[in-house]
>>> print(open('protein39.cif').read())   # mmCIF, C-alpha atoms
data_my_file
#
loop_
_atom_site.label_atom_id
_atom_site.label_comp_id
_atom_site.auth_asym_id
_atom_site.auth_seq_id
_atom_site.Cartn_x
_atom_site.Cartn_y
_atom_site.Cartn_z
CA MET L 1 2.18 -4.28 21.44
CA ASP L 2 -0.68 -1.80 21.06
CA ARG L 3 -3.72 -2.35 18.82
CA LEU L 4 -2.41 -0.27 15.89
CA THR L 5 0.90 -2.16 15.85
CA ARG L 6 -0.88 -5.51 16.01
CA ARG L 7 -3.05 -4.48 13.07
CA ILE L 8 -0.04 -3.46 11.00
CA VAL L 9 1.72 -6.76 11.69
CA ASN L 10 -1.39 -8.87 11.06
CA TYR L 11 -2.27 -7.13 7.81
CA ALA L 12 1.32 -7.11 6.54
CA ASP L 13 1.69 -10.85 6.99
CA LEU L 14 -1.35 -11.62 4.84
CA ILE L 15 -0.67 -12.70 1.26
CA GLY L 16 -2.41 -10.32 -1.11
CA PRO L 17 -0.79 -9.64 -4.49
CA SER L 18 -2.55 -7.44 -7.02
CA GLY L 19 -5.53 -9.35 -8.34
CA GLN L 20 -5.75 -11.77 -5.41
CA GLU L 21 -6.28 -9.55 -2.37
CA ASP L 22 -9.05 -11.71 -0.91
CA ARG L 23 -7.37 -12.53 2.42
CA VAL L 24 -6.79 -8.85 3.11
CA VAL L 25 -10.34 -8.05 2.00
CA THR L 26 -11.69 -10.59 4.49
CA ALA L 27 -9.62 -9.21 7.38
CA VAL L 28 -10.58 -5.59 6.68
CA ARG L 29 -14.25 -6.43 6.11
CA ASP L 30 -14.40 -8.36 9.39
CA ASP L 31 -12.70 -5.58 11.36
CA LEU L 32 -15.01 -2.91 9.94
CA SER L 33 -18.10 -5.07 10.40
CA SER L 34 -17.18 -5.57 14.06
CA LEU L 35 -17.60 -1.80 14.45
CA GLY L 36 -21.17 -2.04 13.17
CA LEU L 37 -20.34 -0.51 9.79
CA GLY L 38 -21.99 -1.58 6.58
CA VAL L 39 -19.28 -2.88 4.24
CA GLU L 40 -19.48 -3.31 0.47
CA VAL L 41 -16.98 -5.43 -1.47
CA ASP L 42 -17.21 -5.09 -5.24
CA ALA L 43 -16.22 -7.56 -7.94
CA PHE L 44 -12.82 -5.89 -8.26
CA ALA L 45 -12.14 -6.52 -4.50
CA ASN L 46 -12.39 -2.87 -3.50
CA VAL L 47 -13.84 -2.42 0.00
CA VAL L 48 -16.05 0.59 0.83
CA ALA L 49 -17.55 1.52 4.18
CA PHE L 50 -19.26 4.74 5.26
CA LEU L 51 -18.85 5.71 8.92
CA ALA L 52 -22.53 6.71 9.01
CA ALA L 53 -25.52 6.84 6.69
CA ARG L 54 -24.79 9.25 3.87
CA ASP L 55 -26.40 12.67 4.36
CA ALA L 56 -27.00 14.44 1.05
CA ARG L 57 -26.73 17.81 2.82
CA ARG L 58 -23.10 17.20 3.77
CA PRO L 59 -20.03 16.94 1.55
CA THR L 60 -18.31 13.57 1.24
CA LEU L 61 -14.71 12.91 2.19
CA GLN L 62 -13.01 9.82 0.76
CA LEU L 63 -10.11 8.30 2.71
CA SER L 64 -8.30 5.59 0.77
CA ALA L 65 -5.48 3.06 1.12
CA HIS L 66 -4.61 0.12 -1.09
CA LEU L 67 -4.91 -3.54 -0.13
CA ASP L 68 -2.51 -5.19 -2.55
CA GLU L 69 1.25 -5.73 -2.53
CA VAL L 70 3.89 -6.18 -5.20
CA GLY L 71 4.55 -9.74 -6.26
CA PHE L 72 5.07 -12.20 -9.08
CA VAL L 73 3.14 -14.23 -11.62
CA VAL L 74 4.30 -17.58 -12.97
CA ARG L 75 4.94 -17.35 -16.72
CA ASP L 76 6.42 -20.81 -17.20
CA VAL L 77 6.97 -24.11 -15.41
CA ASP L 78 9.93 -25.86 -17.04
CA ASP L 79 10.47 -29.57 -17.48
CA ALA L 80 12.58 -29.75 -14.31
CA GLY L 81 9.85 -28.10 -12.22
CA PHE L 82 11.47 -24.66 -11.86
CA LEU L 83 9.26 -21.57 -12.16
CA ARG L 84 9.91 -18.53 -14.29
CA VAL L 85 8.10 -15.35 -13.30
CA HIS L 86 7.13 -11.83 -14.29
CA ARG L 87 6.95 -8.95 -11.83
CA VAL L 88 3.53 -7.78 -10.66
CA GLY L 89 4.29 -4.22 -9.63
CA GLY L 90 7.68 -2.61 -9.17
CA VAL L 91 9.73 -5.39 -7.57
CA HIS L 92 13.39 -4.37 -7.20
CA ASP L 93 15.81 -6.78 -8.90
CA GLN L 94 18.51 -6.27 -6.25
CA VAL L 95 16.43 -7.96 -3.55
CA LEU L 96 15.49 -11.13 -5.44
CA ALA L 97 18.36 -13.62 -5.24
CA GLY L 98 18.04 -16.13 -2.41
CA ARG L 99 14.65 -14.86 -1.21
CA TRP L 100 11.72 -16.96 -0.04
CA LEU L 101 8.52 -16.52 -2.06
CA ALA L 102 5.02 -17.87 -1.45
CA PHE L 103 2.65 -18.78 -4.30
CA LEU L 104 -1.12 -18.96 -4.06
CA GLY L 105 -1.48 -22.44 -5.52
CA GLU L 106 -4.75 -24.08 -6.38
CA LYS L 107 -4.27 -26.53 -3.48
CA GLY L 108 -2.84 -24.07 -0.94
CA ASP L 109 0.21 -21.89 -0.44
CA VAL L 110 3.42 -23.18 -1.97
CA PRO L 111 6.77 -21.82 -0.73
CA GLY L 112 9.77 -21.46 -2.99
CA VAL L 113 13.21 -19.87 -3.13
CA VAL L 114 14.75 -17.73 -5.84
CA GLY L 115 17.71 -19.85 -6.89
CA VAL L 116 21.27 -18.52 -7.08
CA CYS L 117 24.29 -19.87 -8.88
CA ALA L 118 26.79 -21.29 -6.39
CA LYS L 119 29.66 -18.89 -5.63
CA HIS L 120 32.12 -21.63 -6.53
CA LEU L 121 30.77 -21.63 -10.10
CA SER L 122 30.40 -17.86 -10.49
CA SER L 123 32.80 -15.46 -12.22
CA PRO L 124 33.63 -12.08 -10.61
CA ASP L 125 31.23 -10.46 -13.11
CA ASP L 126 28.48 -12.91 -12.13
CA LEU L 127 28.91 -12.01 -8.47
CA ARG L 128 28.49 -8.29 -9.19
CA ARG L 129 25.35 -8.76 -11.29
CA SER L 130 21.80 -8.52 -9.94
CA VAL L 131 19.34 -11.30 -10.75
CA SER L 132 16.44 -9.78 -12.66
CA ALA L 133 12.90 -11.06 -12.28
CA GLU L 134 12.98 -12.11 -15.93
CA ASP L 135 16.14 -14.19 -15.43
CA ALA L 136 15.28 -15.60 -12.00
CA PHE L 137 14.25 -19.20 -11.46
CA VAL L 138 12.21 -20.31 -8.47
CA ASP L 139 12.67 -23.68 -6.79
CA ILE L 140 9.50 -24.98 -5.12
CA GLY L 141 10.90 -28.44 -4.46
CA ALA L 142 9.20 -29.98 -7.45
CA ARG L 143 10.78 -33.07 -9.05
CA ASP L 144 9.59 -32.05 -12.50
CA ARG L 145 6.86 -30.08 -14.28
CA ALA L 146 4.18 -32.66 -13.57
CA HIS L 147 5.02 -32.53 -9.86
CA ALA L 148 4.80 -28.71 -9.82
CA LEU L 149 1.37 -28.88 -11.44
CA GLU L 150 0.34 -31.53 -8.93
CA MET L 151 1.36 -29.09 -6.17
CA GLY L 152 -1.15 -26.61 -7.62
CA VAL L 153 1.30 -24.21 -9.28
CA GLU L 154 0.75 -23.39 -12.96
CA VAL L 155 1.12 -20.57 -15.45
CA GLY L 156 -0.73 -17.56 -14.03
CA THR L 157 -0.28 -18.46 -10.35
CA LEU L 158 0.43 -15.35 -8.28
CA GLY L 159 3.00 -15.06 -5.51
CA VAL L 160 4.64 -12.62 -3.11
CA PHE L 161 7.70 -12.29 -0.93
CA GLN L 162 7.43 -14.55 2.10
CA ALA L 163 8.45 -12.60 5.20
CA SER L 164 7.02 -12.08 8.68
CA ALA L 165 6.74 -8.55 10.04
CA ARG L 166 8.93 -7.84 13.04
CA VAL L 167 8.74 -5.05 15.60
CA HIS L 168 12.02 -3.54 16.83
CA GLY L 169 11.35 -0.75 19.31
CA ASP L 170 9.59 1.97 17.31
CA ARG L 171 10.29 0.29 13.97
CA VAL L 172 8.33 -2.32 12.03
CA VAL L 173 10.11 -4.30 9.30
CA GLY L 174 8.35 -6.57 6.83
CA LYS L 175 6.77 -7.04 3.44
CA ALA L 176 3.68 -5.18 2.23
CA LEU L 177 3.92 -2.27 4.68
CA ASP L 178 3.16 -0.46 1.42
CA ASP L 179 0.25 -0.09 1.97
CA ARG L 180 -0.96 -2.30 4.83
CA VAL L 181 0.18 0.44 7.22
CA GLY L 182 -2.24 2.79 5.46
CA VAL L 183 -4.97 0.15 5.69
CA ALA L 184 -4.35 -0.25 9.43
CA VAL L 185 -4.43 3.53 9.94
CA LEU L 186 -7.84 3.83 8.28
CA VAL L 187 -9.32 0.92 10.23
CA GLU L 188 -7.95 2.43 13.44
CA LEU L 189 -9.45 5.79 12.44
CA ALA L 190 -12.80 4.06 11.98
CA GLU L 191 -12.48 2.75 15.57
CA ARG L 192 -12.04 6.33 16.77
CA LEU L 193 -14.73 7.96 14.68
CA ALA L 194 -17.52 5.36 14.52
CA GLY L 195 -20.59 6.89 16.14
CA VAL L 196 -19.15 10.44 16.20
CA ASP L 197 -21.30 13.17 14.65
CA LEU L 198 -18.99 14.40 11.89
CA PRO L 199 -19.36 17.46 9.65
CA VAL L 200 -18.83 15.35 6.50
CA ASN L 201 -19.80 11.97 5.15
CA VAL L 202 -16.71 9.79 5.53
CA ALA L 203 -16.17 6.99 3.01
CA LEU L 204 -13.34 4.57 3.74
CA LEU L 205 -12.07 3.07 0.49
CA PHE L 206 -9.62 0.17 0.40
CA THR L 207 -8.52 -0.37 -3.17
CA ALA L 208 -7.38 -3.37 -5.20
CA GLN L 209 -4.64 -3.63 -7.84
CA GLU L 210 -2.98 -0.30 -7.03
CA GLU L 211 0.45 -1.82 -7.64
CA PHE L 212 -0.73 -3.13 -11.02
CA SER L 213 -1.23 0.11 -12.96
CA VAL L 214 -3.48 1.69 -10.29
CA ARG L 215 -6.59 -0.22 -11.38
CA GLY L 216 -9.21 -0.78 -8.72
CA GLY L 217 -9.47 2.63 -7.12
CA VAL L 218 -10.79 4.30 -10.25
CA SER L 219 -14.11 2.46 -10.42
CA ALA L 220 -14.57 2.58 -6.65
CA ALA L 221 -13.90 6.32 -6.44
CA ARG L 222 -16.43 6.81 -9.23
CA ARG L 223 -19.10 5.14 -7.12
CA VAL L 224 -18.16 7.00 -3.94
CA ASP L 225 -18.38 10.32 -5.84
CA ALA L 226 -16.52 12.29 -3.16
CA ASP L 227 -16.12 16.05 -2.87
CA VAL L 228 -12.63 15.80 -1.40
CA ALA L 229 -10.17 12.94 -0.88
CA PHE L 230 -7.13 11.98 1.16
CA CYS L 231 -5.02 9.08 -0.11
CA VAL L 232 -2.89 7.33 2.53
CA ASP L 233 0.21 5.67 1.11
CA ILE L 234 3.97 5.52 1.55
CA ALA L 235 6.49 8.32 1.09
CA VAL L 236 9.94 7.13 0.06
CA ALA L 237 12.37 7.65 2.94
CA THR L 238 15.69 9.04 1.76
CA ASP L 239 17.62 8.87 5.05
CA VAL L 240 19.90 6.04 3.91
CA PRO L 241 23.52 6.36 2.71
CA VAL L 242 22.76 5.45 -0.93
CA GLY L 243 20.67 6.70 -3.79
CA GLY L 244 21.53 10.37 -4.20
CA ALA L 245 18.45 11.66 -2.40
CA VAL L 246 16.89 14.84 -3.75
CA GLN L 247 14.78 15.66 -0.72
CA PRO L 248 15.04 14.80 2.97
CA VAL L 249 12.37 12.36 4.18
CA ALA L 250 13.41 10.55 7.34
CA LEU L 251 11.94 7.86 9.57
CA GLY L 252 10.83 9.25 12.91
CA ALA L 253 10.62 12.83 11.64
CA GLY L 254 6.85 12.88 11.11
CA PRO L 255 4.23 12.04 8.48
CA VAL L 256 4.59 13.45 4.99
CA LEU L 257 2.51 15.92 3.02
CA THR L 258 3.32 15.14 -0.60
CA ARG L 259 3.55 18.27 -2.74
CA PHE L 260 4.08 16.73 -6.18
CA THR L 261 4.08 13.30 -7.83
CA LYS L 262 4.79 12.26 -11.39
CA GLY L 263 4.75 8.74 -12.79
CA LYS L 264 4.62 7.36 -16.32
CA MET L 265 0.83 7.30 -16.35
CA ASN L 266 -0.22 10.28 -14.28
CA GLY L 267 0.71 12.49 -11.36
CA MET L 268 -0.64 15.06 -8.97
CA ILE L 269 -0.08 18.66 -7.96
CA PRO L 270 -2.49 18.91 -5.01
CA SER L 271 -4.94 21.71 -4.42
CA PRO L 272 -3.02 24.46 -2.59
CA ILE L 273 -6.12 25.26 -0.53
CA LEU L 274 -6.48 21.65 0.66
CA ARG L 275 -2.74 21.41 1.27
CA ARG L 276 -2.75 24.53 3.44
CA TYR L 277 -5.74 23.23 5.38
CA ALA L 278 -3.96 19.95 6.12
CA ALA L 279 -0.80 21.77 7.19
CA GLU L 280 -2.77 24.09 9.48
CA VAL L 281 -4.49 21.11 11.12
CA ALA L 282 -1.14 19.43 11.73
CA ALA L 283 0.26 22.57 13.34
CA ARG L 284 -2.83 22.92 15.52
CA VAL L 285 -2.49 19.41 16.95
CA GLY L 286 1.29 19.48 17.26
CA VAL L 287 2.14 17.09 14.43
CA LYS L 288 5.39 17.97 12.68
CA LEU L 289 5.16 17.38 8.93
CA GLN L 290 7.73 16.54 6.30
CA TYR L 291 7.30 17.50 2.65
CA SER L 292 7.98 15.32 -0.36
CA VAL L 293 8.29 15.60 -4.12
CA LEU L 294 8.38 12.32 -6.05
CA SER L 295 9.21 11.76 -9.71
CA GLY L 296 8.75 8.14 -10.72
CA GLY L 297 5.77 7.16 -8.61
CA LEU L 298 2.16 7.94 -7.82
CA SER L 299 -0.82 6.75 -5.79
CA ASP L 300 -4.53 6.08 -6.25
CA GLY L 301 -5.02 9.77 -5.52
CA ALA L 302 -3.65 10.74 -8.92
CA PHE L 303 -6.65 9.05 -10.52
CA THR L 304 -9.25 9.93 -7.88
CA GLN L 305 -8.74 13.60 -8.69
CA HIS L 306 -10.15 13.09 -12.22
CA GLU L 307 -13.47 11.57 -11.13
CA GLY L 308 -16.84 13.34 -11.11
CA ARG L 309 -16.48 17.09 -11.41
CA GLY L 310 -12.88 16.87 -10.24
CA VAL L 311 -11.98 15.90 -6.68
CA PRO L 312 -9.46 17.97 -4.69
CA THR L 313 -7.12 15.22 -3.51
CA LEU L 314 -4.14 15.05 -1.19
CA ASP L 315 -1.53 12.36 -0.65
CA VAL L 316 -0.84 11.98 3.08
CA SER L 317 1.94 9.55 3.79
CA PHE L 318 4.21 7.71 6.20
CA PRO L 319 7.97 7.51 5.47
CA THR L 320 9.09 4.03 4.37
CA ARG L 321 12.56 2.64 3.75
CA TYR L 322 13.39 -0.16 1.28
CA THR L 323 10.10 0.08 -0.62
CA HIS L 324 8.86 -2.86 -2.69
CA SER L 325 11.11 -5.28 -0.84
CA PRO L 326 10.55 -7.88 1.91
CA VAL L 327 12.20 -5.58 4.47
CA GLU L 328 10.16 -2.38 4.14
CA THR L 329 10.66 -0.34 7.30
CA VAL L 330 8.46 2.25 9.03
CA ASP L 331 8.59 4.13 12.31
CA LEU L 332 5.51 3.78 14.51
CA ARG L 333 5.88 7.36 15.77
CA ASP L 334 5.25 8.62 12.24
CA VAL L 335 2.27 6.30 11.87
CA ARG L 336 0.67 7.42 15.15
CA ASP L 337 1.18 11.08 14.20
CA LEU L 338 -0.41 10.38 10.81
CA LEU L 339 -3.42 8.84 12.55
CA ASN L 340 -3.79 11.82 14.90
CA TRP L 341 -3.41 14.22 11.97
CA LEU L 342 -6.15 12.49 9.95
CA ASP L 343 -8.42 12.33 12.99
CA ALA L 344 -8.12 16.08 13.52
CA ALA L 345 -8.52 16.83 9.81
CA VAL L 346 -11.79 14.88 9.59
CA ARG L 347 -13.25 16.36 12.77
CA GLY L 348 -12.21 19.87 11.72
CA MET L 349 -13.82 19.88 8.30
CA ARG L 350 -16.72 21.94 9.57
CA GLY L 351 -14.35 24.89 9.29
CA MET L 352 -12.62 23.77 6.12
CA PRO L 353 -12.07 26.58 3.60
CA ASP L 354 -13.90 26.78 0.31
CA LEU L 355 -11.98 24.60 -2.15
CA ARG L 356 -13.17 26.43 -5.26
CA ARG L 357 -10.30 27.87 -7.27
CA GLY L 358 -9.70 31.32 -8.75
#
>>> encode(input="protein39.cif", output="structure tokens")
Amino acid sequence: MDRLTRRIVNYADLIGPSGQEDRVVTAVRDDLSSLGLGVEVDAFANVVAFLAARDARRPTLQLSAHLDEVGFVVRDVDDAGFLRVHRVGGVHDQVLAGRWLAFLGEKGDVPGVVGVCAKHLSSPDDLRRSVSAEDAFVDIGARDRAHALEMGVEVGTLGVFQASARVHGDRVVGKALDDRVGVAVLVELAERLAGVDLPVNVALLFTAQEEFSVRGGVSAARRVDADVAFCVDIAVATDVPVGGAVQPVALGAGPVLTRFTKGKMNGMIPSPILRRYAAEVAARVGVKLQYSVLSGGLSDGAFTQHEGRGVPTLDVSFPTRYTHSPVETVDLRDVRDLLNWLDAAVRGMRGMPDLRRG
């Protein structure tokens, strides 16, 4: 297993729901500090590191990825000790029943399972119905409510899917690959570029609470005050035999240049000049790109673009199957090509075209 793959696996296995990303923060801070970089962690849990001292004569490039993962928050502990939960982020109801969860209790991690009604007691309609997060009950082995509280689980306790990342050939399967793969790519890029004389100031930004209404990256991007930004996140892979895909995005077919995103809160149509630059870099280094249009989702980049005087921003992505589930799946060939693409894009910014419009 190479260093990049080890990083992906190690980061993915960390528990870090929106609002409690501290374990991931610690791992990323330690890895960046080991490279001799100065690392700032703010009160929101955003992590910022510049690859070199900021030079006011050079433009600043922000490269971002988010630290958090989708999860759950306890909304009730009933008299029998079962937990009721709300989603934190876009957890898919169809993957809930029978899953292991892990809660960040006050006295340590507490495992639990999403209970299911026995088949013997279920009607045909029951068996065809998904268990929603609002209807689910979680069994942590508590005898009653007092026992659950004694275990350190109470209203407001956060949890995530419990699943260990596995490597199968060129594929990695696990929870939180959205966006721990992006985090690993940026830390690996820092390994490559630390100490290199670059044409731009490079700020690495690892954001908190992206899955919870895209919160942390806004304040951090405001402080970085970049001139241009790349946001590294997932692209939804559509190469599965369900879902009525509207565009082809396949594992193993290359990283993704996202052309359009639209969510409930925001969206992004990237700068055509920046998009062409990124595509030209990919062609120059032999990286084959895929293109994506997504309605119903967005990234930190959609909010970064509004900061300062306006920041030309681009979503650069890795295809991911089964998003927001405990079996998210990526292809390492896409991830390595994404890393090489970003490396070349940063080094080549001395010749980057003028991004002014009109």
>>> residues_around(input="protein39.cif", residues="segment 157-170 of chain L", least_positions_apart="3", cutoff="6 Å", atoms="all atoms listed in the file", output="PyMOL selection string")
chain L and resi 9+13+71-74+100-104+154+173-174+326+331-332
>>> resolve_selection(input="protein39.cif", expression="the PyMOL selection byres ((chain L and resi 252) around 10)", output="number ranges by chain")
L: 170-171, 249-251, 253-255, 318-319, 330-335, 337
>>> resolve_selection(input="protein39.cif", expression="the PyMOL selection byres ((chain L and resi 141) around 10)", output="VMD selection string")
chain L and resid 81 to 82 110 to 113 138 to 140 142 to 144 147 to 148 151
>>> atom_distance(input="protein39.cif", atom1="atom CA of Thr60 of chain L", atom2="atom CA of Leu338 of chain L")
20.5 Å
>>> residues_near_point(input="protein39.cif", point="(7.2, -18.6, -15.9)", cutoff="7 Å", atoms="all atoms listed in the file", output="ChimeraX atom specification")
/L:74-77,83-86,155
>>> closest_residue(input="protein39.cif", among="L:Leu4, L:Val24, L:Leu198, L:Ala190", to="Arg350 of chain L", atoms="all atoms listed in the file")
L:Leu198
>>> resolve_selection(input="protein39.cif", expression="the PyMOL selection byres ((chain L and resi 177) around 9)", output="PyMOL selection string")
chain L and resi 8-9+11-12+69+165+172-176+178-182+234+320+323-324+327-330
>>> residues_near_point(input="protein39.cif", point="(-1.2, 17.6, -2.7)", cutoff="12 Å", atoms="all atoms listed in the file", output="PyMOL selection string")
chain L and resi 228-232+256-262+267-279+291-294+298-299+301-302+305+311-317
>>> residues_around(input="protein39.cif", residues="segment 33-50 of chain L", least_positions_apart="2", cutoff="6 Å", atoms="only C-alpha atoms", output="MDAnalysis selection string")
chainID L and resid 29:31 52 202:208
>>> decode(input="protein39.cif", residues="segment 171-243 of chain L", atoms="C-alpha atoms", output="tab-separated table (two decimals), in the first residue's frame")
chain	number	residue	atom	x	y	z
L	171	ARG	CA	-10.63	0.48	-5.39
L	172	VAL	CA	-11.11	1.80	-1.86
L	173	VAL	CA	-14.44	1.21	-0.11
L	174	GLY	CA	-15.45	2.83	3.16
L	175	LYS	CA	-17.21	5.64	4.97
L	176	ALA	CA	-16.22	9.30	4.74
L	177	LEU	CA	-14.29	9.04	1.46
L	178	ASP	CA	-16.33	12.19	0.88
L	179	ASP	CA	-14.12	14.09	1.51
L	180	ARG	CA	-11.21	12.37	3.28
L	181	VAL	CA	-9.88	11.43	-0.17
L	182	GLY	CA	-9.71	15.15	-0.96
L	183	VAL	CA	-8.00	15.79	2.38
L	184	ALA	CA	-5.42	13.08	1.63
L	185	VAL	CA	-4.79	14.51	-1.85
L	186	LEU	CA	-4.03	17.97	-0.45
L	187	VAL	CA	-1.72	16.64	2.25
L	188	GLU	CA	0.07	14.54	-0.37
L	189	LEU	CA	0.34	17.63	-2.58
L	190	ALA	CA	1.91	19.48	0.33
L	191	GLU	CA	4.52	16.68	0.55
L	192	ARG	CA	5.37	17.27	-3.10
L	193	LEU	CA	5.41	21.05	-3.08
L	194	ALA	CA	6.85	21.95	0.33
L	195	GLY	CA	10.07	23.87	-0.27
L	196	VAL	CA	9.40	24.38	-4.01
L	197	ASP	CA	9.59	27.96	-5.29
L	198	LEU	CA	6.06	28.42	-6.61
L	199	PRO	CA	4.63	31.28	-8.69
L	200	VAL	CA	1.72	31.74	-6.27
L	201	ASN	CA	1.08	31.70	-2.55
L	202	VAL	CA	-0.59	28.36	-1.84
L	203	ALA	CA	-3.04	28.16	1.05
L	204	LEU	CA	-4.29	24.70	2.00
L	205	LEU	CA	-7.70	24.96	3.63
L	206	PHE	CA	-9.39	22.02	5.34
L	207	THR	CA	-12.92	23.01	6.24
L	208	ALA	CA	-15.36	22.03	8.98
L	209	GLN	CA	-19.12	21.47	8.81
L	210	GLU	CA	-19.34	21.30	5.01
L	211	GLU	CA	-21.97	18.57	5.24
L	212	PHE	CA	-24.00	20.71	7.64
L	213	SER	CA	-25.09	23.57	5.37
L	214	VAL	CA	-21.53	24.35	4.17
L	215	ARG	CA	-20.61	26.31	7.31
L	216	GLY	CA	-16.93	26.42	8.17
L	217	GLY	CA	-15.35	27.20	4.83
L	218	VAL	CA	-16.97	30.62	4.56
L	219	SER	CA	-15.17	32.24	7.49
L	220	ALA	CA	-11.89	30.50	6.67
L	221	ALA	CA	-11.96	31.56	3.01
L	222	ARG	CA	-12.63	35.11	4.17
L	223	ARG	CA	-9.41	35.07	6.19
L	224	VAL	CA	-7.36	33.46	3.41
L	225	ASP	CA	-8.60	36.12	0.96
L	226	ALA	CA	-7.50	34.19	-2.12
L	227	ASP	CA	-7.34	35.39	-5.72
L	228	VAL	CA	-8.30	32.00	-7.15
L	229	ALA	CA	-9.50	28.73	-5.62
L	230	PHE	CA	-9.76	25.03	-6.37
L	231	CYS	CA	-12.17	22.99	-4.26
L	232	VAL	CA	-11.44	19.24	-4.10
L	233	ASP	CA	-14.52	17.13	-3.44
L	234	ILE	CA	-16.45	14.17	-4.82
L	235	ALA	CA	-18.22	13.88	-8.16
L	236	VAL	CA	-21.18	11.51	-8.15
L	237	ALA	CA	-20.32	8.43	-10.20
L	238	THR	CA	-23.21	7.36	-12.41
L	239	ASP	CA	-21.78	4.09	-13.75
L	240	VAL	CA	-24.19	1.88	-11.80
L	241	PRO	CA	-27.32	0.15	-13.16
L	242	VAL	CA	-29.79	2.32	-11.21
L	243	GLY	CA	-30.74	5.94	-10.87
